[in-house]
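J.: Hey, dropping start_17.pdb in here, PDB, C-alpha atoms:
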ATOM      1  CA  GLN A1014     -25.805 -25.029  -6.405
ATOM      2  CA  ASN A1015     -28.678 -23.325  -8.233
ATOM      3  CA  THR A1016     -28.061 -19.645  -7.598
ATOM      4  CA  HIS A1017     -31.514 -18.750  -8.918
ATOM      5  CA  THR A1018     -33.350 -20.652  -6.214
ATOM      6  CA  HIS A1019     -30.890 -20.604  -3.304
ATOM      7  CA  LYS A1020     -32.107 -18.330  -0.495
ATOM      8  CA  HIS A1021     -29.740 -16.258   1.655
ATOM      9  CA  THR A1022     -30.505 -15.146   5.191
ATOM     10  CA  PRO A1023     -30.796 -11.341   5.435
ATOM     11  CA  VAL A1024     -28.514  -9.477   7.843
ATOM     12  CA  LEU A1025     -30.439  -7.884  10.714
ATOM     13  CA  LEU A1026     -29.225  -4.528  12.096
ATOM     14  CA  PRO A1027     -29.034  -3.255  14.799
ATOM     15  CA  ALA A1028     -29.411  -5.422  17.896
ATOM     16  CA  HIS A1029     -29.502  -3.805  21.357
ATOM     17  CA  HIS A1030     -28.716  -5.610  24.591
ATOM     18  CA  ARG A1031     -31.073  -4.674  27.424
ATOM     19  CA  ARG A1032     -31.396  -6.271  30.871
ATOM     20  CA  GLY A1033     -29.573  -9.415  29.792
ATOM     21  CA  THR A1034     -31.846 -10.079  26.787
ATOM     22  CA  MET A1035     -31.460  -9.293  23.102
ATOM     23  CA  GLU A1036     -34.234  -7.051  21.836
ATOM     24  CA  HIS A1037     -34.453  -5.762  18.299
ATOM     25  CA  ASP A1038     -35.533  -2.139  18.369
ATOM     26  CA  LYS A1039     -36.454  -0.425  15.102
ATOM     27  CA  LYS A1040     -35.246  -3.370  13.054
ATOM     28  CA  LYS A1041     -33.612  -2.638   9.729
ATOM     29  CA  THR A1042     -33.323  -5.563   7.387
ATOM     30  CA  VAL A1043     -30.498  -5.376   4.856
ATOM     31  CA  ASP A1044     -30.954  -7.830   2.004
ATOM     32  CA  LEU A1045     -27.580  -9.068   0.754
ATOM     33  CA  SER A1046     -28.916 -11.562  -1.747
ATOM     34  CA  GLU A1047     -31.255 -10.584  -4.552
ATOM     35  CA  ASP A1048     -29.782  -7.412  -6.055
ATOM     36  CA  PHE A1049     -26.461  -7.171  -4.224
ATOM     37  CA  VAL A1050     -24.541  -8.770  -7.058
ATOM     38  CA  ILE A1051     -21.787  -7.399  -9.267
ATOM     39  CA  GLU A1052     -23.187  -6.011 -12.501
ATOM     40  CA  LYS A1053     -20.423  -3.858 -13.967
ATOM     41  CA  ILE A1054     -16.706  -3.109 -13.537
ATOM     42  CA  GLU A1055     -15.178   0.105 -14.859
ATOM     43  CA  LEU A1056     -11.522   1.107 -14.899
ATOM     44  CA  PHE A1057      -9.991   4.574 -14.918
ATOM     45  CA  ILE A1058      -6.292   5.205 -15.500
ATOM     46  CA  LEU A1059      -5.137   8.516 -13.993
ATOM     47  CA  ARG A1060      -1.945  10.315 -14.993
ATOM     48  CA  ALA A1061      -0.290  13.523 -13.870
ATOM     49  CA  PRO A1062       2.878  14.400 -15.858
ATOM     50  CA  LEU A1063       5.468  16.065 -13.630
ATOM     51  CA  GLY A1064       7.536  17.862 -16.294
ATOM     52  CA  SER A1065      10.543  19.511 -14.677
ATOM     53  CA  LYS A1066       9.365  18.221 -11.276
ATOM     54  CA  LYS A1067      10.457  14.699 -12.170
ATOM     55  CA  PHE A1068      12.191  12.914  -9.321
ATOM     56  CA  TRP A1069      14.209   9.767  -8.680
ATOM     57  CA  SER A1070      14.349   6.929  -6.211
ATOM     58  CA  SER A1071      17.291   4.536  -6.169
ATOM     59  CA  GLN A1072      15.666   2.412  -8.866
ATOM     60  CA  SER A1073      14.149   4.736 -11.444
ATOM     61  CA  SER A1074      12.883   8.169 -12.346
ATOM     62  CA  PHE A1075       9.272   9.269 -11.948
ATOM     63  CA  PRO A1076       8.244  11.518 -14.858
ATOM     64  CA  GLU A1077       4.585  11.167 -13.868
ATOM     65  CA  ARG A1078       2.309   9.987 -11.095
ATOM     66  CA  ASN A1079      -0.286   7.416 -12.042
ATOM     67  CA  SER A1080      -2.985   5.288 -10.537
ATOM     68  CA  LEU A1081      -5.775   2.934 -11.535
ATOM     69  CA  LEU A1082      -9.251   3.353 -10.050
ATOM     70  CA  VAL A1083     -11.610   0.374 -10.006
ATOM     71  CA  LYS A1084     -15.335   1.109  -9.937
ATOM     72  CA  ILE A1085     -17.733  -1.777  -9.282
ATOM     73  CA  THR A1086     -21.490  -1.283  -9.626
ATOM     74  CA  THR A1087     -24.069  -3.703  -8.257
ATOM     75  CA  LYS A1088     -27.471  -4.592  -9.665
ATOM     76  CA  ASP A1089     -29.157  -2.347  -7.092
ATOM     77  CA  GLY A1090     -27.060   0.654  -8.186
ATOM     78  CA  LEU A1091     -24.483   0.869  -5.387
ATOM     79  CA  GLN A1092     -20.946   1.791  -6.404
ATOM     80  CA  GLY A1093     -17.695   0.785  -4.732
ATOM     81  CA  TRP A1094     -14.258   2.177  -5.493
ATOM     82  CA  GLY A1095     -10.868   0.503  -5.308
ATOM     83  CA  GLU A1096      -7.349   1.550  -6.236
ATOM     84  CA  ALA A1097      -4.412  -0.286  -7.806
ATOM     85  CA  GLY A1098      -1.605   0.261 -10.297
ATOM     86  CA  GLN A1099       0.744   2.415  -8.219
ATOM     87  CA  TYR A1100       3.817   0.146  -8.300
ATOM     88  CA  GLY A1101       4.532   0.493 -11.983
ATOM     89  CA  PRO A1102       2.535   1.127 -15.147
ATOM     90  CA  PRO A1103      -1.218   0.753 -14.545
ATOM     91  CA  GLU A1104      -2.004  -0.804 -17.938
ATOM     92  CA  PRO A1105      -1.040  -4.414 -17.049
ATOM     93  CA  VAL A1106      -3.209  -4.292 -13.927
ATOM     94  CA  ALA A1107      -6.124  -2.815 -15.861
ATOM     95  CA  THR A1108      -5.764  -5.515 -18.520
ATOM     96  CA  ALA A1109      -5.740  -8.281 -15.899
ATOM     97  CA  ILE A1110      -8.988  -6.960 -14.419
ATOM     98  CA  GLU A1111     -10.734  -6.211 -17.714
ATOM     99  CA  HIS A1112      -9.916  -9.408 -19.585
ATOM    100  CA  VAL A1113      -9.135 -12.062 -16.967
ATOM    101  CA  LEU A1114     -10.391 -11.447 -13.430
ATOM    102  CA  GLY A1115     -13.320  -9.105 -13.940
ATOM    103  CA  PRO A1116     -15.411 -11.383 -16.160
ATOM    104  CA  ARG A1117     -15.143 -14.137 -13.541
ATOM    105  CA  ILE A1118     -16.974 -12.134 -10.880
ATOM    106  CA  ILE A1119     -19.780 -10.537 -12.899
ATOM    107  CA  GLY A1120     -23.082 -11.759 -11.453
ATOM    108  CA  LYS A1121     -21.547 -12.857  -8.150
ATOM    109  CA  ARG A1122     -22.701 -11.676  -4.740
ATOM    110  CA  VAL A1123     -20.534  -9.064  -3.059
ATOM    111  CA  GLN A1124     -18.395 -11.205  -0.737
ATOM    112  CA  PRO A1125     -14.933  -9.613  -0.531
ATOM    113  CA  THR A1126     -13.000 -12.351   1.263
ATOM    114  CA  LYS A1127     -14.539 -15.195  -0.711
ATOM    115  CA  ILE A1128     -14.017 -13.513  -4.079
ATOM    116  CA  SER A1129     -10.415 -12.551  -3.303
ATOM    117  CA  GLU A1130      -9.546 -16.111  -2.281
ATOM    118  CA  GLU A1131     -11.239 -17.532  -5.377
ATOM    119  CA  LEU A1132      -9.409 -15.136  -7.700
ATOM    120  CA  TYR A1133      -6.061 -15.896  -6.074
ATOM    121  CA  CYS A1134      -6.623 -19.640  -6.324
ATOM    122  CA  PHE A1135      -7.571 -19.236  -9.986
ATOM    123  CA  SER A1136      -4.429 -17.209 -10.785
ATOM    124  CA  ARG A1137      -2.003 -19.041  -8.484
ATOM    125  CA  ASP A1138      -0.228 -20.860 -11.331
ATOM    126  CA  PHE A1139       0.710 -17.618 -13.067
ATOM    127  CA  GLY A1140       0.062 -14.742 -10.688
ATOM    128  CA  GLN A1141       1.329 -15.324  -7.149
ATOM    129  CA  ARG A1142       2.806 -11.819  -7.054
ATOM    130  CA  GLY A1143       2.911  -8.617  -9.028
ATOM    131  CA  THR A1144       0.248  -7.624 -11.542
ATOM    132  CA  TYR A1145      -2.425 -10.187 -10.698
ATOM    133  CA  VAL A1146      -2.199  -9.735  -6.941
ATOM    134  CA  GLU A1147      -2.413  -5.982  -7.394
ATOM    135  CA  ALA A1148      -5.457  -6.463  -9.636
ATOM    136  CA  ILE A1149      -7.122  -8.627  -6.988
ATOM    137  CA  SER A1150      -6.326  -5.946  -4.412
ATOM    138  CA  GLY A1151      -8.073  -3.243  -6.444
ATOM    139  CA  ILE A1152     -11.162  -5.430  -6.756
ATOM    140  CA  ASP A1153     -11.030  -6.335  -3.060
ATOM    141  CA  VAL A1154     -10.964  -2.700  -1.923
ATOM    142  CA  ALA A1155     -13.964  -1.882  -4.123
ATOM    143  CA  LEU A1156     -15.924  -4.850  -2.752
ATOM    144  CA  TRP A1157     -15.285  -3.868   0.862
ATOM    145  CA  ASP A1158     -16.366  -0.329  -0.021
ATOM    146  CA  LEU A1159     -19.606  -1.755  -1.410
ATOM    147  CA  LEU A1160     -20.251  -3.936   1.619
ATOM    148  CA  GLY A1161     -19.656  -1.028   4.001
ATOM    149  CA  LYS A1162     -22.050   1.185   2.058
ATOM    150  CA  LYS A1163     -24.696  -1.533   1.956
ATOM    151  CA  LEU A1164     -24.547  -2.125   5.699
ATOM    152  CA  GLY A1165     -24.018   1.514   6.615
ATOM    153  CA  ALA A1166     -20.830   0.729   8.530
ATOM    154  CA  PRO A1167     -17.143   1.612   8.111
ATOM    155  CA  VAL A1168     -14.940  -1.215   6.886
ATOM    156  CA  CYS A1169     -12.981  -1.220  10.164
ATOM    157  CA  GLU A1170     -16.177  -2.289  11.945
ATOM    158  CA  LEU A1171     -16.800  -5.061   9.403
ATOM    159  CA  LEU A1172     -13.270  -6.334  10.066
ATOM    160  CA  GLY A1173     -13.833  -6.472  13.820
ATOM    161  CA  GLY A1174     -13.526  -2.912  15.067
ATOM    162  CA  ALA A1175     -10.966  -0.129  15.351
ATOM    163  CA  PHE A1176      -8.329  -0.233  18.082
ATOM    164  CA  ARG A1177      -7.756   3.523  17.935
ATOM    165  CA  LYS A1178      -9.244   6.709  16.524
ATOM    166  CA  ARG A1179      -5.977   8.518  15.848
ATOM    167  CA  VAL A1180      -2.727   7.313  14.292
ATOM    168  CA  LYS A1181       0.709   8.837  14.002
ATOM    169  CA  VAL A1182       1.755   9.875  10.501
ATOM    170  CA  TYR A1183       5.012  10.719   8.823
ATOM    171  CA  ALA A1184       5.934  12.637   5.687
ATOM    172  CA  THR A1185       7.648  10.768   2.865
ATOM    173  CA  GLY A1186       9.813  12.888   0.613
ATOM    174  CA  CYS A1187      13.366  14.095   0.072
ATOM    175  CA  TYR A1188      13.652  12.163  -3.173
ATOM    176  CA  TYR A1189      16.317  13.089  -5.677
ATOM    177  CA  ARG A1190      14.781  16.153  -7.347
ATOM    178  CA  HIS A1191      16.543  15.924 -10.666
ATOM    179  CA  ASP A1192      14.982  16.416 -14.118
ATOM    180  CA  SER A1193      17.885  14.941 -16.109
ATOM    181  CA  ASN A1194      17.878  11.429 -17.563
ATOM    182  CA  ASP A1195      21.358  10.886 -16.123
ATOM    183  CA  PRO A1196      21.483  10.653 -12.318
ATOM    184  CA  SER A1197      25.284  10.753 -12.392
ATOM    185  CA  THR A1198      25.025  14.506 -13.033
ATOM    186  CA  ILE A1199      23.355  15.142  -9.663
ATOM    187  CA  ASP A1200      25.124  17.834  -7.669
ATOM    188  CA  VAL A1201      25.462  16.258  -4.218
ATOM    189  CA  LYS A1202      25.656  19.568  -2.358
ATOM    190  CA  GLU A1203      22.533  20.922  -4.092
ATOM    191  CA  SER A1204      20.705  17.619  -3.521
ATOM    192  CA  ALA A1205      21.537  17.703   0.182
ATOM    193  CA  GLN A1206      20.353  21.304   0.498
ATOM    194  CA  ALA A1207      17.110  20.551  -1.361
ATOM    195  CA  ALA A1208      16.401  17.532   0.843
ATOM    196  CA  ALA A1209      17.088  19.557   3.978
ATOM    197  CA  GLN A1210      14.764  22.353   2.862
ATOM    198  CA  GLU A1211      11.977  19.917   2.031
ATOM    199  CA  ALA A1212      12.320  18.139   5.376
ATOM    200  CA  LEU A1213      12.220  21.479   7.163
ATOM    201  CA  ARG A1214       8.941  22.299   5.389
ATOM    202  CA  PHE A1215       7.528  19.022   6.672
ATOM    203  CA  LYS A1216       8.575  19.966  10.195
ATOM    204  CA  LYS A1217       6.977  23.398   9.919
ATOM    205  CA  ALA A1218       3.778  21.740   8.643
ATOM    206  CA  GLY A1219       3.567  19.817  11.920
ATOM    207  CA  PHE A1220       4.963  16.415  11.012
ATOM    208  CA  LYS A1221       6.863  14.703  13.803
ATOM    209  CA  ALA A1222       8.605  12.200  11.518
ATOM    210  CA  VAL A1223      10.148  12.286   8.042
ATOM    211  CA  LYS A1224      11.223   9.502   5.701
ATOM    212  CA  MET A1225      13.773  10.216   2.975
ATOM    213  CA  LYS A1226      15.276   8.298   0.062
ATOM    214  CA  VAL A1227      18.803   6.946  -0.264
ATOM    215  CA  GLY A1228      20.516   4.500  -2.589
ATOM    216  CA  LEU A1229      20.888   6.369  -5.876
ATOM    217  CA  LEU A1230      24.256   7.885  -4.954
ATOM    218  CA  SER A1231      27.290   6.411  -3.249
ATOM    219  CA  VAL A1232      27.052   5.630   0.452
ATOM    220  CA  ASP A1233      29.272   8.576   1.325
ATOM    221  CA  ASP A1234      27.262  11.028  -0.786
ATOM    222  CA  ASP A1235      23.948   9.765   0.503
ATOM    223  CA  LEU A1236      25.181  10.065   4.082
ATOM    224  CA  LYS A1237      25.828  13.753   3.371
ATOM    225  CA  ARG A1238      22.169  14.089   2.382
ATOM    226  CA  VAL A1239      20.970  12.261   5.505
ATOM    227  CA  ALA A1240      23.215  14.390   7.713
ATOM    228  CA  ALA A1241      21.865  17.582   6.107
ATOM    229  CA  VAL A1242      18.277  16.505   6.762
ATOM    230  CA  ARG A1243      19.047  15.566  10.364
ATOM    231  CA  LYS A1244      20.670  18.933  10.953
ATOM    232  CA  ALA A1245      17.695  20.761   9.425
ATOM    233  CA  ILE A1246      14.948  19.018  11.420
ATOM    234  CA  GLY A1247      16.863  18.628  14.669
ATOM    235  CA  PRO A1248      17.029  15.679  17.062
ATOM    236  CA  GLU A1249      13.399  15.799  18.175
ATOM    237  CA  ILE A1250      11.956  14.830  14.764
ATOM    238  CA  ALA A1251      12.110  11.130  13.864
ATOM    239  CA  LEU A1252      14.069  10.395  10.699
ATOM    240  CA  MET A1253      13.793   7.223   8.607
ATOM    241  CA  VAL A1254      15.550   6.256   5.379
ATOM    242  CA  ASP A1255      14.418   4.042   2.497
ATOM    243  CA  SER A1256      16.835   2.661  -0.095
ATOM    244  CA  ASN A1257      14.244   0.758  -2.190
ATOM    245  CA  HIS A1258      16.487  -2.350  -2.123
ATOM    246  CA  ALA A1259      19.508  -0.534  -3.552
ATOM    247  CA  TYR A1260      22.345  -2.309  -1.748
ATOM    248  CA  SER A1261      24.153  -5.581  -1.408
ATOM    249  CA  ALA A1262      24.110  -6.976   2.115
ATOM    250  CA  GLY A1263      27.690  -5.869   2.752
ATOM    251  CA  THR A1264      27.071  -2.293   1.611
ATOM    252  CA  ALA A1265      23.798  -2.142   3.521
ATOM    253  CA  CYS A1266      25.602  -3.218   6.703
ATOM    254  CA  ARG A1267      28.072  -0.376   6.270
ATOM    255  CA  MET A1268      25.237   2.080   5.650
ATOM    256  CA  ALA A1269      23.298   0.870   8.690
ATOM    257  CA  LYS A1270      26.271   1.406  11.004
ATOM    258  CA  GLU A1271      26.638   4.985   9.782
ATOM    259  CA  LEU A1272      22.917   5.650  10.141
ATOM    260  CA  GLU A1273      23.184   4.778  13.836
ATOM    261  CA  LYS A1274      25.257   7.914  14.333
ATOM    262  CA  LEU A1275      22.458  10.030  12.833
ATOM    263  CA  ASN A1276      19.793   8.543  15.085
ATOM    264  CA  VAL A1277      17.779   7.041  12.233
ATOM    265  CA  ARG A1278      14.537   5.435  13.409
ATOM    266  CA  TRP A1279      14.520   2.674  10.772
ATOM    267  CA  PHE A1280      16.299   1.585   7.581
ATOM    268  CA  GLU A1281      13.775   0.440   4.975
ATOM    269  CA  GLU A1282      14.388  -2.111   2.213
ATOM    270  CA  PRO A1283      18.170  -2.195   2.598
ATOM    271  CA  VAL A1284      18.588  -5.187   0.254
ATOM    272  CA  ASN A1285      16.711  -7.032  -2.475
ATOM    273  CA  PRO A1286      13.384  -8.480  -1.274
ATOM    274  CA  GLU A1287      14.509 -11.989  -2.261
ATOM    275  CA  ASP A1288      17.589 -11.760  -0.046
ATOM    276  CA  ILE A1289      16.120 -12.884   3.277
ATOM    277  CA  GLU A1290      19.548 -13.860   4.576
ATOM    278  CA  GLY A1291      20.789 -10.380   3.640
ATOM    279  CA  TYR A1292      18.041  -8.895   5.819
ATOM    280  CA  ARG A1293      19.284 -11.005   8.712
ATOM    281  CA  ARG A1294      22.848  -9.808   8.179
ATOM    282  CA  VAL A1295      21.857  -6.141   8.131
ATOM    283  CA  ARG A1296      19.672  -6.522  11.196
ATOM    284  CA  ALA A1297      22.536  -8.131  13.102
ATOM    285  CA  ALA A1298      25.045  -5.473  12.039
ATOM    286  CA  SER A1299      23.344  -2.457  13.582
ATOM    287  CA  THR A1300      20.952  -1.283  16.271
ATOM    288  CA  VAL A1301      18.867   0.564  13.644
ATOM    289  CA  PRO A1302      15.588  -1.333  13.137
ATOM    290  CA  ILE A1303      15.160  -2.820   9.658
ATOM    291  CA  ALA A1304      11.900  -2.488   7.704
ATOM    292  CA  GLY A1305      10.831  -4.402   4.614
ATOM    293  CA  GLY A1306       8.000  -6.108   2.793
ATOM    294  CA  GLU A1307       6.978  -3.436   0.286
ATOM    295  CA  CYS A1308       7.710  -5.860  -2.557
ATOM    296  CA  SER A1309       6.141  -8.845  -0.809
ATOM    297  CA  PHE A1310       2.768 -10.269  -1.773
ATOM    298  CA  MET A1311       0.038 -12.055   0.106
ATOM    299  CA  ARG A1312       0.441 -13.553   3.568
ATOM    300  CA  TYR A1313       2.869 -16.113   2.161
ATOM    301  CA  GLY A1314       5.421 -13.460   1.218
ATOM    302  CA  PHE A1315       5.350 -11.888   4.666
ATOM    303  CA  ARG A1316       5.562 -15.306   6.309
ATOM    304  CA  ASP A1317       9.033 -15.717   4.797
ATOM    305  CA  TYR A1318      10.288 -12.684   6.722
ATOM    306  CA  PHE A1319       8.973 -14.006  10.026
ATOM    307  CA  VAL A1320      10.280 -17.551   9.775
TER     308      VAL A1320
END
Using structure tokens, write down the structure that the file contains.
T.:
Amino acid sequence: QNTHTHKHTPVLLPAHHRRGTMEHDKKKTVDLSEDFVIEKIELFILRAPLGSKKFWSSQSSFPERNSLLVKITTKDGLQGWGEAGQYGPPEPVATAIEHVLGPRIIGKRVQPTKISEELYCFSRDFGQRGTYVEAISGIDVALWDLLGKKLGAPVCELLGGAFRKRVKVYATGCYYRHDSNDPSTIDVKESAQAAAQEALRFKKAGFKAVKMKVGLLSVDDDLKRVAAVRKAIGPEIALMVDSNHAYSAGTACRMAKELEKLNVRWFEEPVNPEDIEGYRRVRAASTVPIAGGECSFMRYGFRDYFV
């Protein structure tokens, strides 16, 4: 295909339906062909050191918060922003975009779905999950941002429309607030009190649900933390727990049974993401709903949980 001579049909907005006929009133033609092509990609790594505010999940400490912003500029000067690089160091994702994926899309028309599929097919042999998928995601978000700006419509409308205007939210927190490099020195009583106080602040701020972390300590010690949070927020506030795949299936089953007694709304990532059979075991062992998929990639990864 000769991209210099191929003509693309402009998108016509808006169309109004009157008396059973389609009439175009005050037509606005949006040209998506000539200048709506990717001209430049810029990357920005953001870091915020936490100092003594460092915290832990079950898997690691967080001495800083970081992110990678992806800025894509088109030939006609529009700018779209995407975000990636939150699930680990942002440098590998930035490198994948700058040196591998980005150069492949310079000069291409802004077509989010088409470009994402092409980039995934290109990187399938070496990037079915992790860094490359996250890099594609950052590009994809920026492209949808561009398309929405070009058409003057929110992305939800481009994807078929919004089902609702308001959504319920919950506060995630109650990590292990510990600035030492050795989590074994955590004072369980102090940790439980700190988690309870933080959850209570969420409640006072108006949140109706709170999600807390477990998995770094023993089951018994973590249950003390969960019990302290439940006592602080009362029975009317929903409480969820997330272990970030800390447990074996057997230990997770034990934890799930105890969480029932504390009226926990769901138990997130109880076992390793590769252990699909372990998920089945935990789900069967308790009435607490099981959540997962944070470490899954693409529709293929989520398919494995459903089948």
J.: Quick one: pull the distance between atom CA of Arg1142 of chain A and atom CA of Ser1309 of chain A, Å, one decimal.
T.: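 Value for the atom CA of Arg1142 of chain A-atom CA of Ser1309 of chain A distance: 7.7 Å.
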J.: With the cut-off set at 12 Å and counting all atoms listed in the file, tabulate each residue of segment 1122-1203 of chain A with an atom at most that distance from an atom of segment 1097-1109 of chain A, showing the nearest atom pair and its distance in Å to one decimal, ordered by chain and increasing number, as JSON lines.
T.:
{"residue": "A:Leu1132", "atom": "CA", "partner": "A:Ala1109", "partner_atom": "CA", "distance": 11.3}
{"residue": "A:Ser1136", "atom": "CA", "partner": "A:Ala1109", "partner_atom": "CA", "distance": 10.4}
{"residue": "A:Phe1139", "atom": "CA", "partner": "A:Ala1109", "partner_atom": "CA", "distance": 11.7}
{"residue": "A:Gly1140", "atom": "CA", "partner": "A:Ala1109", "partner_atom": "CA", "distance": 10.1}
{"residue": "A:Arg1142", "atom": "CA", "partner": "A:Val1106", "partner_atom": "CA", "distance": 11.8}
{"residue": "A:Gly1143", "atom": "CA", "partner": "A:Tyr1100", "partner_atom": "CA", "distance": 8.8}
{"residue": "A:Thr1144", "atom": "CA", "partner": "A:Val1106", "partner_atom": "CA", "distance": 5.4}
{"residue": "A:Tyr1145", "atom": "CA", "partner": "A:Ala1109", "partner_atom": "CA", "distance": 6.5}
{"residue": "A:Val1146", "atom": "CA", "partner": "A:Val1106", "partner_atom": "CA", "distance": 8.9}
{"residue": "A:Glu1147", "atom": "CA", "partner": "A:Ala1097", "partner_atom": "CA", "distance": 6.1}
{"residue": "A:Ala1148", "atom": "CA", "partner": "A:Val1106", "partner_atom": "CA", "distance": 5.3}
{"residue": "A:Ile1149", "atom": "CA", "partner": "A:Ala1097", "partner_atom": "CA", "distance": 8.8}
{"residue": "A:Ser1150", "atom": "CA", "partner": "A:Ala1097", "partner_atom": "CA", "distance": 6.9}
{"residue": "A:Gly1151", "atom": "CA", "partner": "A:Ala1097", "partner_atom": "CA", "distance": 4.9}
{"residue": "A:Ile1152", "atom": "CA", "partner": "A:Ala1097", "partner_atom": "CA", "distance": 8.6}
{"residue": "A:Asp1153", "atom": "CA", "partner": "A:Ala1097", "partner_atom": "CA", "distance": 10.1}
{"residue": "A:Val1154", "atom": "CA", "partner": "A:Ala1097", "partner_atom": "CA", "distance": 9.1}
{"residue": "A:Ala1155", "atom": "CA", "partner": "A:Ala1097", "partner_atom": "CA", "distance": 10.4}
J.: For the residues in the current selection, export C-alpha atoms as a PDB file, keeping the file's coordinate frame.
T.:
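The resulting file, again_16.pdb, is reproduced below:
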ATOM      1  CA  LEU A1132      -9.409 -15.136  -7.700  1.00  0.00           C
ATOM      2  CA  SER A1136      -4.429 -17.209 -10.785  1.00  0.00           C
ATOM      3  CA  PHE A1139       0.710 -17.618 -13.067  1.00  0.00           C
ATOM      4  CA  GLY A1140       0.062 -14.742 -10.688  1.00  0.00           C
ATOM      5  CA  ARG A1142       2.806 -11.819  -7.054  1.00  0.00           C
ATOM      6  CA  GLY A1143       2.911  -8.617  -9.028  1.00  0.00           C
ATOM      7  CA  THR A1144       0.248  -7.624 -11.542  1.00  0.00           C
ATOM      8  CA  TYR A1145      -2.425 -10.187 -10.698  1.00  0.00           C
ATOM      9  CA  VAL A1146      -2.199  -9.735  -6.941  1.00  0.00           C
ATOM     10  CA  GLU A1147      -2.413  -5.982  -7.394  1.00  0.00           C
ATOM     11  CA  ALA A1148      -5.457  -6.463  -9.636  1.00  0.00           C
ATOM     12  CA  ILE A1149      -7.122  -8.627  -6.988  1.00  0.00           C
ATOM     13  CA  SER A1150      -6.326  -5.946  -4.412  1.00  0.00           C
ATOM     14  CA  GLY A1151      -8.073  -3.243  -6.444  1.00  0.00           C
ATOM     15  CA  ILE A1152     -11.162  -5.430  -6.756  1.00  0.00           C
ATOM     16  CA  ASP A1153     -11.030  -6.335  -3.060  1.00  0.00           C
ATOM     17  CA  VAL A1154     -10.964  -2.700  -1.923  1.00  0.00           C
ATOM     18  CA  ALA A1155     -13.964  -1.882  -4.123  1.00  0.00           C
TER      19      ALA A1155
END
J.: Quick check, in Å to one decimal: how far apart do atom CA of Leu1229 of chain A and atom CA of Leu1081 of chain A lie?
T.: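 Between atom CA of Leu1229 of chain A and atom CA of Leu1081 of chain A the gap works out to 27.5 Å.
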J.: Sorted by chain and rising residue number, which residues of segment 1101-1198 of chain A lie within 12 Å of segment 1243-1266 of chain A, and what are their closest atom pairs and distances in Å to one decimal, counting all atoms listed in the file, as JSON lines?
T.:
{"residue": "A:Lys1181", "atom": "CA", "partner": "A:Ala1251", "partner_atom": "CA", "distance": 11.6}
{"residue": "A:Val1182", "atom": "CA", "partner": "A:Ala1251", "partner_atom": "CA", "distance": 11.0}
{"residue": "A:Tyr1183", "atom": "CA", "partner": "A:Ala1251", "partner_atom": "CA", "distance": 8.7}
{"residue": "A:Ala1184", "atom": "CA", "partner": "A:Leu1252", "partner_atom": "CA", "distance": 9.8}
{"residue": "A:Thr1185", "atom": "CA", "partner": "A:Met1253", "partner_atom": "CA", "distance": 9.1}
{"residue": "A:Gly1186", "atom": "CA", "partner": "A:Val1254", "partner_atom": "CA", "distance": 10.0}
{"residue": "A:Cys1187", "atom": "CA", "partner": "A:Val1254", "partner_atom": "CA", "distance": 9.7}
{"residue": "A:Tyr1188", "atom": "CA", "partner": "A:Asp1255", "partner_atom": "CA", "distance": 9.9}
{"residue": "A:Tyr1189", "atom": "CA", "partner": "A:Ser1256", "partner_atom": "CA", "distance": 11.8}
J.: Using the chain letters and numbers from the file, which residues does the PyMOL selection byres ((chain A and resi 1050) around 8) grab, as a list in words?
T.: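 On the file shown, the PyMOL selection byres ((chain A and resi 1050) around 8) covers Ser1046, Glu1047, Asp1048, Phe1049, Ile1051, Glu1052, Thr1087, Lys1088, Asp1089, Ile1119, Gly1120, Lys1121, Arg1122 and Val1123 of chain A.
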J.: For the residues in the current selection, export C-alpha atoms as a PDB file, in the coordinates of the input.
T.:
ATOM      1  CA  SER A1046     -28.916 -11.562  -1.747  1.00  0.00           C
ATOM      2  CA  GLU A1047     -31.255 -10.584  -4.552  1.00  0.00           C
ATOM      3  CA  ASP A1048     -29.782  -7.412  -6.055  1.00  0.00           C
ATOM      4  CA  PHE A1049     -26.461  -7.171  -4.224  1.00  0.00           C
ATOM      5  CA  ILE A1051     -21.787  -7.399  -9.267  1.00  0.00           C
ATOM      6  CA  GLU A1052     -23.187  -6.011 -12.501  1.00  0.00           C
ATOM      7  CA  THR A1087     -24.069  -3.703  -8.257  1.00  0.00           C
ATOM      8  CA  LYS A1088     -27.471  -4.592  -9.665  1.00  0.00           C
ATOM      9  CA  ASP A1089     -29.157  -2.347  -7.092  1.00  0.00           C
ATOM     10  CA  ILE A1119     -19.780 -10.537 -12.899  1.00  0.00           C
ATOM     11  CA  GLY A1120     -23.082 -11.759 -11.453  1.00  0.00           C
ATOM     12  CA  LYS A1121     -21.547 -12.857  -8.150  1.00  0.00           C
ATOM     13  CA  ARG A1122     -22.701 -11.676  -4.740  1.00  0.00           C
ATOM     14  CA  VAL A1123     -20.534  -9.064  -3.059  1.00  0.00           C
TER      15      VAL A1123
END
J.: Would you pick out the contacts of Arg1190 of chain A at 8 Å or less, using all atoms listed in the file, so that residues sharing its chain but fewer than 3 positions from it are not included, and give the list as a ChimeraX atom specification?
T.: /A:1066-1069,1187,1204,1207
J.: Using all atoms listed in the file, which residues sit within 12 Å of Val1201 of chain A once same-chain residues fewer than 3 positions away are excluded, as a list in words?
T.: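 Non-adjacent residues within range: Tyr1189, Arg1190, His1191, Pro1196, Ser1197, Thr1198, Ser1204, Ala1205, Gln1206, Ala1207, Ala1208, Leu1229, Leu1230, Ser1231, Val1232, Asp1233, Asp1234, Asp1235, Leu1236, Lys1237, Arg1238, Val1239 and Ala1241 of chain A.
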J.: Could you list as a ChimeraX atom specification every residue that has an atom within 12 Å of (19.8, -2.2, 19.4), using the file's coordinates and counting all atoms listed in the file?
T.: /A:1269-1270,1273,1276-1279,1296-1303
